[in-house]
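*Asks:* So here's work07.cif (mmCIF, C-alpha atoms).
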```cif
data_run
#
loop_
_atom_site.label_atom_id
_atom_site.label_comp_id
_atom_site.auth_asym_id
_atom_site.auth_seq_id
_atom_site.Cartn_x
_atom_site.Cartn_y
_atom_site.Cartn_z
CA MET A 1 0.00 0.00 0.00
CA PRO A 2 1.28 3.53 -0.74
CA ARG A 3 2.17 5.81 2.10
CA VAL A 4 -0.77 8.05 3.01
CA ILE A 5 0.07 11.72 2.45
CA GLU A 6 -1.77 13.99 4.80
CA HIS A 7 -2.45 17.52 3.49
CA GLN A 8 -0.10 16.95 0.56
CA LYS A 9 1.38 20.27 -0.56
CA ARG A 10 3.70 19.08 -3.32
CA LEU A 11 3.35 16.79 -6.30
CA PRO A 12 5.98 13.99 -6.02
CA GLY A 13 8.62 14.75 -8.63
CA VAL A 14 9.51 11.55 -10.46
CA ALA A 15 5.98 10.24 -11.02
CA SER A 16 4.71 13.68 -12.01
CA LEU A 17 7.53 14.13 -14.53
CA MET A 18 6.79 10.70 -15.99
CA LEU A 19 3.15 11.71 -16.54
CA VAL A 20 4.21 15.00 -18.15
CA GLY A 21 6.72 13.13 -20.32
CA ALA A 22 4.04 10.66 -21.40
CA TYR A 23 1.65 13.47 -22.37
CA PHE A 24 4.18 15.39 -24.45
CA GLY A 25 5.75 12.23 -25.83
CA LEU A 26 2.37 11.16 -27.19
CA THR A 27 1.82 14.62 -28.66
CA ILE A 28 5.18 14.57 -30.44
CA ALA A 29 4.55 11.04 -31.72
CA ARG A 30 1.11 12.05 -33.02
CA ASN A 31 2.42 15.14 -34.80
CA ALA A 32 5.27 13.13 -36.32
CA GLY A 33 2.86 10.52 -37.66
CA LEU A 34 4.29 7.77 -35.45
CA VAL A 35 0.95 6.75 -33.92
CA PRO A 36 -0.71 3.93 -35.91
CA GLU A 37 -3.66 5.14 -37.97
CA ALA A 38 -5.80 2.44 -36.39
CA LEU A 39 -5.72 4.47 -33.16
CA SER A 40 -7.14 7.54 -34.91
CA PHE A 41 -10.58 6.02 -35.29
CA ILE A 42 -12.48 9.05 -33.91
CA PRO A 43 -12.96 11.74 -36.58
CA VAL A 44 -11.34 15.12 -35.77
CA VAL A 45 -10.22 13.86 -32.33
CA GLU A 46 -8.01 11.25 -34.03
CA ALA A 47 -5.42 9.97 -31.51
CA ALA A 48 -5.80 12.87 -29.02
CA TRP A 49 -7.83 10.52 -26.83
CA LEU A 50 -4.52 8.91 -25.87
CA ASN A 51 -3.48 12.14 -24.16
CA PHE A 52 -6.76 12.09 -22.27
CA LEU A 53 -5.85 8.62 -20.97
CA VAL A 54 -2.72 10.21 -19.46
CA VAL A 55 -4.96 12.80 -17.78
CA LEU A 56 -7.14 10.03 -16.33
CA LEU A 57 -4.00 8.23 -15.18
CA ALA A 58 -2.84 11.41 -13.42
CA VAL A 59 -6.22 11.75 -11.67
CA TYR A 60 -6.12 8.08 -10.62
CA TRP A 61 -2.53 8.39 -9.43
CA MET A 62 -3.34 11.43 -7.28
CA ARG A 63 -6.31 9.62 -5.76
CA TRP A 64 -4.18 6.52 -5.13
CA ARG A 65 -1.50 8.58 -3.41
CA LYS A 66 -4.16 10.39 -1.34
CA ILE A 67 -3.22 13.74 -2.87
CA PRO A 68 -6.31 16.00 -2.84
CA LEU A 69 -7.42 16.95 -6.34
CA ALA A 70 -8.08 20.41 -4.94
CA HIS A 71 -4.29 20.79 -4.94
CA VAL A 72 -4.45 21.15 -8.74
CA GLY A 73 -7.72 23.06 -8.86
CA LEU A 74 -10.42 20.38 -8.69
CA GLY A 75 -12.01 21.26 -5.39
CA SER A 76 -15.72 21.22 -4.70
CA PHE A 77 -17.89 22.51 -7.54
CA SER A 78 -20.65 25.07 -7.14
CA LEU A 79 -22.34 26.84 -10.05
CA SER A 80 -22.62 30.16 -8.26
CA PRO A 81 -23.10 33.65 -9.75
CA THR A 82 -19.43 34.33 -8.97
CA VAL A 83 -18.33 31.29 -10.96
CA LEU A 84 -20.51 32.34 -13.90
CA LYS A 85 -19.01 35.85 -13.80
CA TRP A 86 -15.52 34.36 -14.00
CA VAL A 87 -16.57 32.09 -16.87
CA ILE A 88 -17.89 35.05 -18.84
CA GLY A 89 -14.98 37.29 -17.84
CA THR A 90 -12.32 34.73 -18.82
CA MET A 91 -13.96 34.15 -22.19
CA ALA A 92 -14.29 37.90 -22.79
CA VAL A 93 -10.62 38.61 -22.02
CA ASP A 94 -9.58 35.62 -24.14
CA TYR A 95 -11.65 36.82 -27.13
CA LEU A 96 -10.32 40.36 -26.73
CA ALA A 97 -6.66 39.29 -26.50
CA VAL A 98 -6.91 36.86 -29.41
CA GLY A 99 -8.97 39.36 -31.42
CA VAL A 100 -6.24 41.99 -31.05
CA ALA A 101 -3.45 39.50 -31.83
CA THR A 102 -5.07 37.79 -34.83
CA PRO A 103 -4.65 40.61 -37.39
CA VAL A 104 -1.01 41.01 -36.37
CA LEU A 105 -0.34 37.27 -36.59
CA SER A 106 -2.12 37.04 -39.93
CA GLY A 107 0.06 39.87 -41.23
CA VAL A 108 3.23 38.05 -40.14
CA PHE A 109 2.35 34.44 -40.98
CA GLY A 110 -0.44 34.90 -43.53
CA GLU A 111 -3.96 33.56 -43.27
CA ALA A 112 -4.12 30.14 -41.62
CA GLU A 113 -4.70 27.23 -43.96
CA GLN A 114 -7.64 24.92 -43.26
CA VAL A 115 -6.65 21.98 -41.07
CA ALA A 116 -7.52 18.68 -42.74
CA ARG A 117 -9.01 17.11 -39.61
CA PHE A 118 -11.66 19.85 -39.36
CA ALA A 119 -12.79 19.53 -42.99
CA GLN A 120 -15.38 16.88 -42.03
CA VAL A 121 -17.25 19.12 -39.58
CA PRO A 122 -19.15 21.63 -41.81
CA GLY A 123 -22.73 20.44 -42.38
CA ASN A 124 -22.15 17.12 -40.60
CA LEU A 125 -24.66 17.11 -37.72
CA PRO A 126 -24.02 13.51 -36.51
CA LEU A 127 -20.29 14.30 -36.27
CA LEU A 128 -21.00 17.56 -34.42
CA LEU A 129 -23.18 15.73 -31.87
CA LEU A 130 -20.40 13.17 -31.38
CA LEU A 131 -17.69 15.80 -31.00
CA LEU A 132 -19.32 18.14 -28.50
CA PRO A 133 -19.28 15.79 -25.49
CA LEU A 134 -15.81 14.56 -26.47
CA MET A 135 -14.53 18.14 -26.58
CA TRP A 136 -15.90 18.78 -23.09
CA LEU A 137 -14.04 15.72 -21.80
CA ILE A 138 -10.80 15.74 -23.79
CA ALA A 139 -10.28 19.47 -24.34
CA ALA A 140 -12.22 21.36 -21.65
CA PHE A 141 -11.57 19.01 -18.74
CA GLY A 142 -8.43 17.25 -20.00
CA GLU A 143 -6.46 20.27 -21.17
CA GLU A 144 -7.44 22.51 -18.26
CA PHE A 145 -6.52 19.80 -15.76
CA PHE A 146 -3.20 19.03 -17.43
CA PHE A 147 -1.94 22.52 -18.41
CA ARG A 148 -3.52 24.92 -15.92
CA GLY A 149 -3.81 22.52 -12.97
CA PHE A 150 -1.15 19.81 -13.08
CA LEU A 151 1.66 21.27 -15.21
CA LEU A 152 1.50 24.83 -13.92
CA THR A 153 1.48 23.65 -10.31
CA LEU A 154 4.32 21.18 -10.90
CA ILE A 155 6.56 23.79 -12.55
CA ALA A 156 5.89 26.42 -9.88
CA GLN A 157 6.65 23.98 -7.08
CA GLY A 158 9.76 22.74 -8.85
CA LEU A 159 11.03 26.32 -9.05
CA GLY A 160 10.49 26.88 -5.34
CA GLY A 161 6.91 28.13 -5.12
CA SER A 162 7.79 31.84 -5.04
CA ARG A 163 5.76 34.54 -6.79
CA ARG A 164 8.34 34.56 -9.59
CA ALA A 165 8.08 30.77 -9.84
CA TRP A 166 4.31 30.92 -10.36
CA ILE A 167 4.67 33.64 -13.01
CA THR A 168 7.34 31.60 -14.80
CA ALA A 169 5.13 28.53 -14.64
CA LEU A 170 2.23 30.56 -16.04
CA VAL A 171 4.29 31.54 -19.09
CA VAL A 172 5.83 28.09 -19.63
CA GLN A 173 2.48 26.28 -19.59
CA ALA A 174 1.04 28.83 -22.05
CA VAL A 175 3.95 28.28 -24.45
CA ALA A 176 3.55 24.51 -24.12
CA PHE A 177 -0.20 24.82 -24.71
CA GLY A 178 0.43 26.73 -27.92
CA LEU A 179 3.08 24.26 -29.11
CA VAL A 180 0.85 21.20 -28.77
CA HIS A 181 -1.55 22.95 -31.19
CA ALA A 182 1.22 23.68 -33.71
CA TYR A 183 -0.51 21.42 -36.24
CA GLN A 184 -2.96 24.30 -36.80
CA GLY A 185 -0.17 26.56 -38.05
CA PRO A 186 1.99 29.20 -36.31
CA ALA A 187 -0.63 31.95 -36.14
CA GLN A 188 -3.23 29.71 -34.56
CA ALA A 189 -0.68 28.12 -32.21
CA ILE A 190 0.36 31.55 -30.92
CA SER A 191 -3.30 32.57 -30.54
CA ILE A 192 -3.97 29.42 -28.54
CA GLY A 193 -0.87 30.12 -26.45
CA ILE A 194 -2.26 33.59 -25.67
CA GLY A 195 -5.47 31.89 -24.59
CA GLY A 196 -3.41 29.60 -22.35
CA LEU A 197 -1.86 32.68 -20.76
CA VAL A 198 -5.29 34.22 -20.12
CA TYR A 199 -6.70 31.01 -18.66
CA GLY A 200 -3.58 30.44 -16.57
CA ALA A 201 -3.76 33.95 -15.14
CA ALA A 202 -7.42 33.38 -14.27
CA PHE A 203 -6.41 30.12 -12.54
CA LEU A 204 -3.98 31.99 -10.29
CA ILE A 205 -6.32 34.92 -9.64
CA LEU A 206 -9.04 32.43 -8.69
CA LYS A 207 -6.66 30.90 -6.13
CA ARG A 208 -6.23 27.81 -8.28
CA ASN A 209 -9.83 26.91 -9.06
CA LEU A 210 -10.17 25.04 -12.38
CA TRP A 211 -13.95 24.78 -12.60
CA PRO A 212 -14.67 28.22 -14.13
CA LEU A 213 -11.91 27.58 -16.69
CA ILE A 214 -13.29 24.15 -17.60
CA LEU A 215 -16.71 25.69 -18.17
CA ALA A 216 -15.26 28.59 -20.18
CA HIS A 217 -13.14 26.23 -22.29
CA GLY A 218 -16.09 23.92 -22.94
CA ILE A 219 -18.40 26.77 -23.93
CA ASN A 220 -15.70 28.28 -26.14
CA ASP A 221 -15.12 24.96 -27.95
CA THR A 222 -18.87 24.42 -28.30
CA ILE A 223 -19.26 27.83 -29.96
CA GLY A 224 -16.26 27.10 -32.18
CA PHE A 225 -17.50 23.72 -33.40
CA VAL A 226 -21.03 25.00 -33.98
CA ALA A 227 -19.49 27.83 -36.03
CA LEU A 228 -17.43 25.27 -37.98
CA TYR A 229 -20.55 23.19 -38.56
CA SER A 230 -22.51 26.19 -39.85
CA GLY A 231 -19.68 27.41 -42.05
CA ALA A 232 -19.32 30.67 -40.15
CA LEU A 233 -15.77 29.71 -39.16
CA GLN A 234 -13.01 28.25 -41.31
CA ARG A 235 -10.16 26.41 -39.62
#
```
Let me see the structure of the file written as structure tokens.

*Replies:*
Amino acid sequence: MPRVIEHQKRLPGVASLMLVGAYFGLTIARNAGLVPEALSFIPVVEAAWLNFLVVLLAVYWMRWRKIPLAHVGLGSFSLSPTVLKWVIGTMAVDYLAVGVATPVLSGVFGEAEQVARFAQVPGNLPLLLLLLPLMWLIAAFGEEFFFRGFLLTLIAQGLGGSRRAWITALVVQAVAFGLVHAYQGPAQAISIGIGGLVYGAAFLILKRNLWPLILAHGINDTIGFVALYSGALQR
């Protein structure tokens, strides 16, 4: 049996680094075409579900080690007016920041080319209905848990837990978040990295509460995929 950790304040280093390595290793393998096509059986999602398995493994590992999930932002959930204000506020700041950056990025890198995996979405209602719950699980929950909760906390603690360490961790996780979306092109990857910076800042301001960010991310992706389906958005 594992040793019970009472009021755990740090993520154990080796196991945490192995989980982070597994997540990014899978991402690199996917982008390099090293993951067998048979594992990309879900349209649009393709093999990204493998990264979500790493997220589930991290959640299980924390539970097994008796590390409170609240330590990485998954405390008790309450859909209060305050939470809703933070959901709306985070989305608004994200849209504003990306909206300002997009014309600049388009001028530098040119208009983003359509990503092949999204070409199946327009006009395909059965696919849209399949994707929406998957996006809430894999992207909204999975990415917020891994980048804003687990990775940001791990980096900050590894750097000593000072104010500077948390700010450094905020920037590093945002850069990493943008890089894992590099398949969408440089302009979109940078835009997504800016979003990671906004969401990470909200995570810290909220005293490390992931729930408003999960809701904001899920709503944002829902709007995005409905826009793709309708043809209002090209990606």

*Asks:* Pick out the residues sitting within 12 Å of His217 (chain A), and hand them over as a ChimeraX atom specification; count only C-alpha atoms, and ignore anything fewer than 3 positions along from it in its own chain.

*Replies:* /A:86-88,90-92,94-95,132,135-145,148,192,195-196,198-200,210-214,220-224

*Asks:* List the neighbours of Tyr23 (chain A) out to 12 Å using only C-alpha atoms; skip same-chain residues closer than 6 positions along the sequence, and give me the result as a list in words.

*Replies:*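 Counting only the stated atoms, we get Ser16, Leu17, Ala29, Arg30, Ala48, Trp49, Leu50, Asn51, Phe52, Leu53, Val54, Val55, Leu56, Leu57, Ala58, Gly142, Glu143, Phe146, Phe147, Phe150, Leu151, Ala176, Phe177 and Val180 of chain A.
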
*Asks:* Axis-aligned box over every listed atom of region 150-156 of chain A, padded by 6 Å per side: centre and edges in Å to one decimal, as JSON?

*Replies:*
```
{"center_x": 2.7, "center_y": 23.1, "center_z": -12.5, "size_x": 19.7, "size_y": 18.6, "size_z": 17.3}
```

*Asks:* List the neighbours of Gly158 (chain A) out to 10 Å using only C-alpha atoms; skip same-chain residues closer than 2 positions along the sequence, and give me the result as a PDB file with C-alpha atoms, keeping the file's coordinate frame.

*Replies:*
```
ATOM      1  CA  ARG A  10       3.700  19.080  -3.320  1.00  0.00           C
ATOM      2  CA  LEU A  11       3.350  16.790  -6.300  1.00  0.00           C
ATOM      3  CA  PRO A  12       5.980  13.990  -6.020  1.00  0.00           C
ATOM      4  CA  GLY A  13       8.620  14.750  -8.630  1.00  0.00           C
ATOM      5  CA  LEU A 152       1.500  24.830 -13.920  1.00  0.00           C
ATOM      6  CA  THR A 153       1.480  23.650 -10.310  1.00  0.00           C
ATOM      7  CA  LEU A 154       4.320  21.180 -10.900  1.00  0.00           C
ATOM      8  CA  ILE A 155       6.560  23.790 -12.550  1.00  0.00           C
ATOM      9  CA  ALA A 156       5.890  26.420  -9.880  1.00  0.00           C
ATOM     10  CA  GLY A 160      10.490  26.880  -5.340  1.00  0.00           C
ATOM     11  CA  GLY A 161       6.910  28.130  -5.120  1.00  0.00           C
ATOM     12  CA  ALA A 165       8.080  30.770  -9.840  1.00  0.00           C
ATOM     13  CA  TRP A 166       4.310  30.920 -10.360  1.00  0.00           C
ATOM     14  CA  ALA A 169       5.130  28.530 -14.640  1.00  0.00           C
TER      15      ALA A 169
END
```

*Asks:* So what does the PyMOL selection byres ((chain A and resi 70) around 12) actually pick up in this one, as a PyMOL selection string?

*Replies:* chain A and resi 7-10+59+62-63+66-69+71-77+145+149-150+153+207-211

*Asks:* Those same residues, written as a PDB file, in the frame of the given file with C-alpha atoms?

*Replies:*
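Dumped to again_7.pdb:
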```
ATOM      1  CA  HIS A   7      -2.450  17.520   3.490  1.00  0.00           C
ATOM      2  CA  GLN A   8      -0.100  16.950   0.560  1.00  0.00           C
ATOM      3  CA  LYS A   9       1.380  20.270  -0.560  1.00  0.00           C
ATOM      4  CA  ARG A  10       3.700  19.080  -3.320  1.00  0.00           C
ATOM      5  CA  VAL A  59      -6.220  11.750 -11.670  1.00  0.00           C
ATOM      6  CA  MET A  62      -3.340  11.430  -7.280  1.00  0.00           C
ATOM      7  CA  ARG A  63      -6.310   9.620  -5.760  1.00  0.00           C
ATOM      8  CA  LYS A  66      -4.160  10.390  -1.340  1.00  0.00           C
ATOM      9  CA  ILE A  67      -3.220  13.740  -2.870  1.00  0.00           C
ATOM     10  CA  PRO A  68      -6.310  16.000  -2.840  1.00  0.00           C
ATOM     11  CA  LEU A  69      -7.420  16.950  -6.340  1.00  0.00           C
ATOM     12  CA  HIS A  71      -4.290  20.790  -4.940  1.00  0.00           C
ATOM     13  CA  VAL A  72      -4.450  21.150  -8.740  1.00  0.00           C
ATOM     14  CA  GLY A  73      -7.720  23.060  -8.860  1.00  0.00           C
ATOM     15  CA  LEU A  74     -10.420  20.380  -8.690  1.00  0.00           C
ATOM     16  CA  GLY A  75     -12.010  21.260  -5.390  1.00  0.00           C
ATOM     17  CA  SER A  76     -15.720  21.220  -4.700  1.00  0.00           C
ATOM     18  CA  PHE A  77     -17.890  22.510  -7.540  1.00  0.00           C
ATOM     19  CA  PHE A 145      -6.520  19.800 -15.760  1.00  0.00           C
ATOM     20  CA  GLY A 149      -3.810  22.520 -12.970  1.00  0.00           C
ATOM     21  CA  PHE A 150      -1.150  19.810 -13.080  1.00  0.00           C
ATOM     22  CA  THR A 153       1.480  23.650 -10.310  1.00  0.00           C
ATOM     23  CA  LYS A 207      -6.660  30.900  -6.130  1.00  0.00           C
ATOM     24  CA  ARG A 208      -6.230  27.810  -8.280  1.00  0.00           C
ATOM     25  CA  ASN A 209      -9.830  26.910  -9.060  1.00  0.00           C
ATOM     26  CA  LEU A 210     -10.170  25.040 -12.380  1.00  0.00           C
ATOM     27  CA  TRP A 211     -13.950  24.780 -12.600  1.00  0.00           C
TER      28      TRP A 211
END
```

*Asks:* Considering only C-alpha atoms, give me a table of residues in region 3-107 of chain A that are at most 9 Å from region 111-121 of chain A, with the closest atom pair and distance in Å for each, as CSV.

*Replies:*
```
residue,atom,partner,partner_atom,distance
A:Pro43,CA,A:Arg117,CA,7.3
A:Val44,CA,A:Arg117,CA,4.9
A:Val45,CA,A:Arg117,CA,8.1
A:Glu46,CA,A:Arg117,CA,8.2
A:Leu105,CA,A:Glu111,CA,8.5
A:Ser106,CA,A:Glu111,CA,5.2
A:Gly107,CA,A:Glu111,CA,7.8
```

*Asks:* Counting only C-alpha atoms, find residues at most 9 Å from (-18.4, 18.9, -37.6) (file frame) and give them as a list in words.

*Replies:*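 Nearby residues: Val44, Phe118, Ala119, Gln120, Val121, Pro122, Gly123, Asn124, Leu125, Pro126, Leu127, Leu128, Leu129, Leu130, Leu131, Phe225, Val226, Leu228, Tyr229 and Ser230 of chain A.
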
*Asks:* Could you check how far CA of Thr82 (chain A) sits from CA of Ser191 (chain A), in Å to one decimal?

*Replies:* 27.0 Å

*Asks:* Could you check which of A:Arg235, A:Ala227, A:Ala187, A:Trp61 is closest to Thr102 (chain A), using only C-alpha atoms?

*Replies:*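 Comparing A:Arg235, A:Ala227, A:Ala187, A:Trp61 against Thr102 (chain A), the winner is A:Ala187.
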
*Asks:* Can you work out the spacing between CA of Leu170 (chain A) and CA of Ala97 (chain A) in Å, to one decimal?

*Replies:*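 Answer for the CA of Leu170 (chain A) to CA of Ala97 (chain A) separation: 16.3 Å.
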
*Asks:* I'd like the interatomic distance between CA of Val108 (chain A) and CA of Ile28 (chain A), to a tenth of an Å.

*Replies:*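 Pair CA of Val108 (chain A) / CA of Ile28 (chain A) returns 25.5 Å.
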
*Asks:* Go through A:Ala47, A:Ala201, A:Val104, A:Leu39 and flag the residue nearest Thr27 (chain A), using all atoms listed in the file for the distances.

*Replies:* A:Ala47

*Asks:* Given the choices A:Leu233, A:Ala202, A:Leu96, A:Leu197, which gets closest to Ala174 (chain A) if the distance is worked out from all atoms listed in the file?

*Replies:*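 Residue with the minimum atom-to-atom distance to Ala174 (chain A): A:Leu197.
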